[in-house]
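Colleague: Input structure: run33.cif, which contains mmCIF, C-alpha atoms.
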data_query
loop_
_atom_site.label_atom_id
_atom_site.label_comp_id
_atom_site.auth_asym_id
_atom_site.auth_seq_id
_atom_site.Cartn_x
_atom_site.Cartn_y
_atom_site.Cartn_z
CA MET F 3 22.94 23.48 -20.93
CA SER F 4 24.55 21.43 -18.16
CA ILE F 5 27.36 22.01 -15.72
CA LEU F 6 29.69 20.22 -18.15
CA ASP F 7 29.24 23.13 -20.55
CA PHE F 8 31.08 25.26 -18.00
CA VAL F 9 33.38 22.77 -16.23
CA THR F 10 34.97 19.59 -17.55
CA GLN F 11 34.63 16.26 -15.77
CA ASP F 12 38.37 16.26 -15.07
CA GLU F 13 38.08 19.67 -13.43
CA LEU F 14 35.18 18.43 -11.31
CA ASP F 15 37.21 15.41 -10.24
CA GLN F 16 40.03 17.70 -9.09
CA LEU F 17 37.87 19.93 -6.87
CA ASP F 18 38.97 20.31 -3.26
CA GLU F 19 37.38 18.07 -0.63
CA ASP F 20 36.42 21.13 1.42
CA PRO F 21 32.93 22.18 0.21
CA ARG F 22 33.69 25.90 0.48
CA LEU F 23 36.91 25.58 -1.50
CA ALA F 24 35.29 23.26 -4.03
CA PHE F 25 32.49 25.78 -4.60
CA MET F 26 35.01 28.60 -5.03
CA GLU F 27 37.09 26.60 -7.50
CA LEU F 28 34.05 25.49 -9.49
CA ILE F 29 32.63 29.00 -9.75
CA ASN F 30 35.98 30.46 -10.80
CA ILE F 31 36.24 27.95 -13.63
CA ALA F 32 32.60 28.43 -14.65
CA GLN F 33 32.98 32.23 -14.69
CA ARG F 34 35.99 32.03 -16.99
CA THR F 35 34.08 29.72 -19.31
CA LEU F 36 31.05 32.01 -19.30
CA SER F 37 33.18 35.05 -20.10
CA SER F 38 34.83 33.19 -22.98
CA LYS F 39 31.50 32.06 -24.42
CA LEU F 40 29.88 35.50 -24.10
CA GLY F 41 32.80 37.09 -25.93
CA ARG F 42 31.80 35.29 -29.12
CA PHE F 43 28.48 37.14 -29.44
CA SER F 44 27.44 40.62 -30.52
CA HIS F 45 25.53 42.74 -28.01
CA ASN F 46 23.67 44.46 -30.84
CA ASP F 47 22.24 41.35 -32.48
CA GLU F 48 18.88 40.08 -31.21
CA ASP F 49 19.64 36.39 -31.77
CA ASP F 50 23.05 36.76 -30.12
CA TRP F 51 21.50 38.61 -27.19
CA ARG F 52 19.07 35.76 -26.58
CA GLU F 53 21.91 33.25 -26.76
CA MET F 54 23.79 35.33 -24.19
CA GLU F 55 20.75 35.38 -21.91
CA ASP F 56 20.50 31.59 -22.18
CA LEU F 57 24.15 31.30 -21.19
CA ARG F 58 23.69 33.62 -18.22
CA HIS F 59 20.61 31.68 -17.10
CA SER F 60 22.52 28.40 -17.34
CA PHE F 61 25.41 29.87 -15.36
CA MET F 62 23.04 31.04 -12.62
CA ASN F 63 21.48 27.58 -12.57
CA VAL F 64 24.92 25.99 -12.14
CA VAL F 65 25.74 28.37 -9.26
CA VAL F 66 22.48 27.68 -7.43
CA ALA F 67 22.60 23.92 -8.01
CA SER F 68 26.23 23.57 -6.91
CA SER F 69 25.64 25.77 -3.86
CA LYS F 70 22.82 23.45 -2.80
CA ARG F 71 25.12 20.45 -3.12
CA PHE F 72 27.93 22.18 -1.21
CA GLU F 73 25.50 23.89 1.21
CA ILE F 74 26.79 27.40 0.50
CA GLU F 75 24.42 30.10 1.67
CA PRO F 76 22.68 32.27 0.63
CA PHE F 77 22.68 30.69 -2.83
CA ALA F 78 21.65 27.29 -1.49
CA SER F 79 18.36 28.81 -0.31
CA MET F 80 17.59 30.45 -3.63
CA ASP F 81 15.06 29.11 -6.07
CA ILE F 82 16.31 27.88 -9.41
CA PRO F 83 15.96 30.81 -11.87
CA ARG F 84 12.88 30.45 -14.05
CA VAL F 85 13.47 30.47 -17.78
CA ASP F 86 10.91 33.22 -18.35
CA ASP F 87 12.13 35.47 -15.51
CA HIS F 88 14.15 38.62 -15.97
CA LEU F 89 17.56 37.46 -14.76
CA HIS F 90 18.93 40.53 -12.96
CA PHE F 91 22.25 38.98 -13.92
CA LYS F 92 24.42 41.98 -13.08
CA GLN F 93 23.14 42.03 -9.50
CA PHE F 94 23.48 38.25 -9.21
CA LYS F 95 27.06 38.41 -10.49
CA SER F 96 27.90 41.28 -8.15
CA ASP F 97 26.61 39.37 -5.13
CA LEU F 98 28.41 36.22 -6.25
CA ASP F 99 31.68 38.16 -6.48
CA HIS F 100 31.01 39.50 -2.98
CA TYR F 101 30.79 35.99 -1.53
CA ILE F 102 33.67 34.56 -3.56
CA THR F 103 35.89 37.38 -2.27
CA GLN F 104 35.12 36.31 1.30
CA LEU F 105 35.84 32.68 0.47
CA VAL F 106 39.18 33.59 -1.10
CA LEU F 107 40.21 35.61 1.97
CA ASP F 108 39.08 32.83 4.32
CA ASN F 109 41.11 30.34 2.31
CA SER F 110 44.18 32.58 2.41
CA ALA F 111 43.99 32.89 6.20
CA GLN F 112 43.49 29.15 6.60
CA SER F 113 46.40 28.38 4.27
CA ARG F 114 48.69 30.59 6.34
CA ARG F 115 47.72 28.77 9.53
CA ASP F 116 48.43 25.42 7.85
CA SER F 117 51.78 26.48 6.40
CA VAL F 118 55.24 27.38 7.64
CA MET F 119 58.22 29.34 6.36
CA ILE F 120 61.23 27.04 5.97
CA LEU F 121 64.75 28.44 5.76
CA PRO F 122 66.89 27.52 2.71
CA LYS F 123 69.23 25.26 4.73
CA SER F 124 66.28 23.35 6.14
CA LYS F 125 64.78 23.04 2.66
CA ASP F 126 68.04 21.52 1.42
CA LYS F 127 67.93 18.99 4.26
CA ILE F 128 64.34 18.07 3.42
CA ARG F 129 65.24 17.66 -0.26
CA SER F 130 68.03 15.25 0.68
CA TYR F 131 65.58 13.26 2.82
CA ILE F 132 63.09 13.22 -0.07
CA HIS F 133 65.81 11.90 -2.38
CA GLY F 134 66.59 9.07 0.03
CA LEU F 135 62.91 8.29 0.58
CA ARG F 136 62.36 8.21 -3.17
CA GLU F 137 65.02 5.50 -3.48
CA CYS F 138 63.36 3.51 -0.69
CA ILE F 139 60.00 3.72 -2.44
CA GLU F 140 61.44 2.70 -5.80
CA LYS F 141 63.12 -0.34 -4.22
CA GLY F 142 60.18 -1.27 -2.00
CA ASN F 143 58.08 -4.39 -2.61
CA MET F 144 54.73 -2.70 -3.26
CA THR F 145 52.15 -2.44 -6.01
CA ASP F 146 52.82 -0.10 -8.91
CA ALA F 147 49.75 1.93 -7.96
CA LYS F 148 51.01 2.44 -4.40
CA ARG F 149 54.52 3.30 -5.59
CA THR F 150 53.14 5.83 -8.07
CA ALA F 151 50.94 7.42 -5.39
CA LEU F 152 53.84 7.79 -2.95
CA LEU F 153 56.16 9.21 -5.59
CA LYS F 154 53.45 11.70 -6.50
CA ARG F 155 53.32 12.77 -2.86
CA LEU F 156 57.07 13.35 -2.92
CA ASP F 157 56.76 15.41 -6.11
CA GLU F 158 54.09 17.55 -4.46
CA LEU F 159 56.28 18.11 -1.41
CA GLU F 160 59.30 19.05 -3.52
CA LYS F 161 57.18 21.52 -5.47
CA GLU F 162 55.84 22.91 -2.20
CA LEU F 163 59.39 23.67 -1.04
CA GLU F 164 59.70 26.15 -3.91
CA LYS F 165 57.03 28.34 -2.33
CA ARG F 166 57.57 31.00 0.31
CA ARG F 167 55.48 28.98 2.77
CA ALA F 168 55.15 25.19 2.72
CA ASN F 169 51.91 23.41 3.51
CA MET F 170 52.37 21.30 6.64
CA LEU F 171 49.38 19.13 5.72
CA LEU F 172 51.32 17.69 2.78
CA VAL F 173 54.01 16.49 5.18
CA ALA F 174 51.41 14.99 7.50
CA LYS F 175 49.71 13.13 4.64
CA LEU F 176 53.03 11.80 3.36
CA ALA F 177 54.08 10.63 6.83
CA PHE F 178 50.74 8.92 7.38
CA GLU F 179 50.91 7.04 4.09
CA VAL F 180 54.54 6.00 4.52
CA LEU F 181 54.16 4.82 8.12
CA ALA F 182 50.98 2.91 7.24
CA ILE F 183 52.91 0.61 4.89
CA PRO F 184 53.86 -2.75 6.48
CA GLY F 185 57.52 -3.05 7.46
CA GLY F 186 58.13 -6.04 5.19
CA THR F 187 57.34 -3.90 2.15
CA TRP F 188 60.52 -1.88 2.48
CA ALA F 189 64.04 -2.97 1.56
CA SER F 190 65.00 -1.17 4.77
CA TYR F 191 62.08 -0.22 7.00
CA GLU F 192 64.35 1.57 9.47
CA VAL F 193 65.78 3.83 6.77
CA ALA F 194 62.35 4.72 5.38
CA THR F 195 60.88 5.56 8.79
CA LYS F 196 63.99 7.53 9.75
CA LEU F 197 63.77 9.63 6.59
CA ILE F 198 60.09 10.48 6.99
CA THR F 199 60.69 11.23 10.67
CA ASN F 200 63.52 13.58 9.73
CA ILE F 201 61.27 15.41 7.27
CA SER F 202 58.54 15.82 9.86
CA GLN F 203 61.01 16.92 12.52
CA THR F 204 62.62 19.54 10.27
CA VAL F 205 59.23 21.02 9.41
CA GLU F 206 58.21 21.03 13.07
CA GLU F 207 61.44 22.81 14.03
CA SER F 208 60.66 25.47 11.43
CA ARG F 209 57.14 25.85 12.82
CA GLN F 210 58.40 26.26 16.37
CA ALA F 211 61.02 28.79 15.27
CA GLU F 212 58.36 30.79 13.45
CA GLN F 213 56.02 30.77 16.42
CA ALA F 214 58.83 31.89 18.70
CA THR F 215 59.48 34.99 16.61
CA LYS F 216 55.96 35.78 15.47
CA PRO F 217 53.18 33.67 16.99
CA LEU F 218 50.34 33.06 14.60
CA PRO F 219 46.88 34.07 15.83
CA GLU F 220 44.78 31.35 17.38
CA ALA F 221 42.62 29.43 14.95
CA LYS F 222 39.05 30.67 15.06
CA PRO F 223 35.93 29.18 13.51
CA ILE F 224 35.46 30.32 9.93
CA PRO F 225 32.83 33.09 10.08
CA ALA F 226 29.63 32.79 8.12
CA LEU F 227 29.59 34.62 4.82
CA SER F 228 28.02 38.04 5.21
CA PRO F 229 25.44 39.27 2.69
CA PRO F 230 26.02 42.42 0.62
CA ARG F 231 22.63 43.75 1.74
CA LYS F 232 19.81 42.83 4.07
CA ALA F 233 17.49 41.10 1.65
CA PRO F 234 18.89 40.32 -1.81
CA SER F 235 16.39 38.96 -4.29
CA TYR F 236 16.47 37.82 -7.88
CA GLY F 237 13.83 37.02 -10.45
CA GLY F 238 10.18 37.49 -9.65
CA GLY F 239 8.84 38.60 -13.01
CA PHE F 240 9.57 41.30 -15.53
CA PRO F 241 10.19 44.84 -14.24
CA ASP F 242 8.63 47.85 -15.91
CA ASP F 243 11.99 49.05 -17.24
CA LEU F 244 12.90 45.75 -18.91
CA ASP F 245 13.16 47.43 -22.30
CA ASP F 246 16.09 49.49 -21.03
CA ASP F 247 18.16 46.29 -20.65
CA VAL F 248 17.54 45.06 -24.20
CA PRO F 249 20.16 46.51 -26.57
CA PHE F 250 18.04 46.39 -29.72
#
Before anything else, please render the file you have as structure tokens.
Modeller:
Amino acid sequence: MSILDFVTQDELDQLDEDPRLAFMELINIAQRTLSSKLGRFSHNDEDDWREMEDLRHSFMNVVVASSKRFEIEPFASMDIPRVDDHLHFKQFKSDLDHYITQLVLDNSAQSRRDSVMILPKSKDKIRSYIHGLRECIEKGNMTDAKRTALLKRLDELEKELEKRRANMLLVAKLAFEVLAIPGGTWASYEVATKLITNISQTVEESRQAEQATKPLPEAKPIPALSPPRKAPSYGGGFPDDLDDDVPF
């Protein structure tokens, strides 16, 4: 089995650019797929049990291979599971959950540092600026691909305003892409730049107001993932109690 038995190509194409986040997203999708596939088999049937073991082995292979590509330790340093090895899947899955939990918490902390709470009145102002900027983009003399990309950015920002905290990076990306367009492209360059400046300024005012009332902690380097034990190991031959794991 290949990685595409657990994750579609479209899902792979949508993975985050950050290796840690991409690994987390990929594993979450693969785990859901594995669970769905395993649910089709009977634990008391020998043929089904072997099919389930093949699925688990393939899943472990996907985890190790993707961790090598994304350089996620300790899985990146692991050997690819041998087909004839006892899998110790429960322990592998437990350790994987341990690391994914840390990645999720790291991502949550990072997202909070990159986001800001915007008051309803300020959100309404930003929505009005987005509406005006959308008209500028639709009237601008640009390629259809560029127009579609910019309108998609606006859609993402509008959707972000529905959340409790808005991602400031979306605003920065939008501003960068709008300001990078040559002035002659716009029906009114001054209006377009004024609108994107107003959006950025409103978000910055919200950030400053938030810091004044409750300063966010200083950004610190993301800590290395900590192991669940001193020396985890998987594989390495068949243990004496292997028969206890076989349900038939």
Colleague: What is the atom CA of Gln93 of chain F-atom CA of Phe25 of chain F distance in Å, reported with one decimal?
Modeller: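 Rounded to one decimal, the two atoms are 19.4 Å apart.
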Colleague: Go through F:Val65, F:Leu152, F:Ile82, F:Ile132 one by one, measure the shortest atom-to-atom distance of each to Thr199 of chain F using only C-alpha atoms, and give the residue with the smallest value.
Modeller: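 Among F:Val65, F:Leu152, F:Ile82, F:Ile132, it is F:Ile132 that comes nearest to Thr199 of chain F.
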Colleague: Any chance you could resolve the PyMOL selection byres ((chain F and resi 59-63) around 7) against this file and give the residues as a ChimeraX atom specification?
Modeller: /F:3,55-58,64-67,82-83,89
Colleague: Would you list the contacts of Leu135 of chain F as JSON, numbers by chain, taking every protein, DNA or RNA residue within 8 Å and counting only C-alpha atoms, but skipping same-chain residues closer than 5 positions in sequence?
Modeller: {"F": [194, 197, 198]}
Colleague: Where does segment 87-168 of chain F meet segment 27-31 of chain F within 12 Å, residue by residue, with the nearest atom pair and distance in Å to one decimal for each, counting only C-alpha atoms, listed by chain and rising number, as a tab-separated table?
Modeller:
residue	atom	partner	partner_atom	distance
F:Lys95	CA	F:Ile29	CA	11.0
F:Leu98	CA	F:Ile29	CA	9.1
F:Asp99	CA	F:Ile29	CA	9.8
F:Tyr101	CA	F:Ile29	CA	10.9
F:Ile102	CA	F:Ile29	CA	8.4
F:Thr103	CA	F:Asn30	CA	11.0
F:Leu105	CA	F:Glu27	CA	10.1
F:Val106	CA	F:Glu27	CA	9.7
F:Asn109	CA	F:Glu27	CA	11.2
Colleague: Record the distance separating atom CA of Leu17 of chain F and atom CA of Ser96 of chain F, expressed in Å with one decimal.
Modeller: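 Pair atom CA of Leu17 of chain F / atom CA of Ser96 of chain F returns 23.6 Å.
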Colleague: To one decimal place in Å, what is the distance between atom CA of Val193 of chain F and atom CA of Leu121 of chain F?
Modeller: 24.7 Å
Colleague: I'd like the residues picked by the PyMOL selection byres ((chain F and resi 145-150) around 12) written out as a list in words, using the chain letters and numbers from the file.
Modeller: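 Going through the file, the PyMOL selection byres ((chain F and resi 145-150) around 12) ends up selecting Leu135, Arg136, Glu137, Cys138, Ile139, Glu140, Lys141, Gly142, Asn143, Met144, Ala151, Leu152, Leu153, Lys154, Arg155, Leu156, Asp157, Glu179, Val180, Ala182, Ile183, Thr187 and Trp188 of chain F.
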Colleague: On this structure, the PyMOL selection byres ((chain F and resi 166) around 12) would catch which residues? List them as a PDB file with C-alpha atoms, in the frame of the given file, sorted by chain and number.
Modeller:
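Output contents, as saved in out.pdb:
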ATOM      1  CA  ARG F 114      48.690  30.590   6.340  1.00  0.00           C
ATOM      2  CA  SER F 117      51.780  26.480   6.400  1.00  0.00           C
ATOM      3  CA  VAL F 118      55.240  27.380   7.640  1.00  0.00           C
ATOM      4  CA  MET F 119      58.220  29.340   6.360  1.00  0.00           C
ATOM      5  CA  ILE F 120      61.230  27.040   5.970  1.00  0.00           C
ATOM      6  CA  LEU F 121      64.750  28.440   5.760  1.00  0.00           C
ATOM      7  CA  PRO F 122      66.890  27.520   2.710  1.00  0.00           C
ATOM      8  CA  LYS F 125      64.780  23.040   2.660  1.00  0.00           C
ATOM      9  CA  LYS F 161      57.180  21.520  -5.470  1.00  0.00           C
ATOM     10  CA  GLU F 162      55.840  22.910  -2.200  1.00  0.00           C
ATOM     11  CA  LEU F 163      59.390  23.670  -1.040  1.00  0.00           C
ATOM     12  CA  GLU F 164      59.700  26.150  -3.910  1.00  0.00           C
ATOM     13  CA  LYS F 165      57.030  28.340  -2.330  1.00  0.00           C
ATOM     14  CA  ARG F 167      55.480  28.980   2.770  1.00  0.00           C
ATOM     15  CA  ALA F 168      55.150  25.190   2.720  1.00  0.00           C
ATOM     16  CA  ASN F 169      51.910  23.410   3.510  1.00  0.00           C
TER      17      ASN F 169
END
Colleague: From the set F:Arg52, F:Lys127, F:Arg209, F:Arg34, which residue has the shortest atom-to-atom contact distance to Phe8 of chain F, counting all atoms listed in the file?
Modeller: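 Under the stated criterion, the closest residue is F:Arg34.
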Colleague: Can you tell me, as JSON, the centre and edge lengths (Å, one decimal) of the axis-aligned box enclosing all of segment 33-51 of chain F's listed atoms after padding each side by 3 Å?
Modeller:
{"center_x": 27.4, "center_y": 37.1, "center_z": -23.6, "size_x": 23.1, "size_y": 20.7, "size_z": 23.8}
Colleague: F:Tyr191, F:Thr35, F:Ser69, F:Phe77: which is nearest Thr10 of chain F, counting all atoms listed in the file?
Modeller: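 Answer, going by the shortest atom-to-atom distance: F:Thr35.
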Colleague: Could you tell me which of F:Arg115, F:Pro76, F:Leu181, F:Lys123 comes closest to Gln213 of chain F if we count only C-alpha atoms?
Modeller: F:Arg115
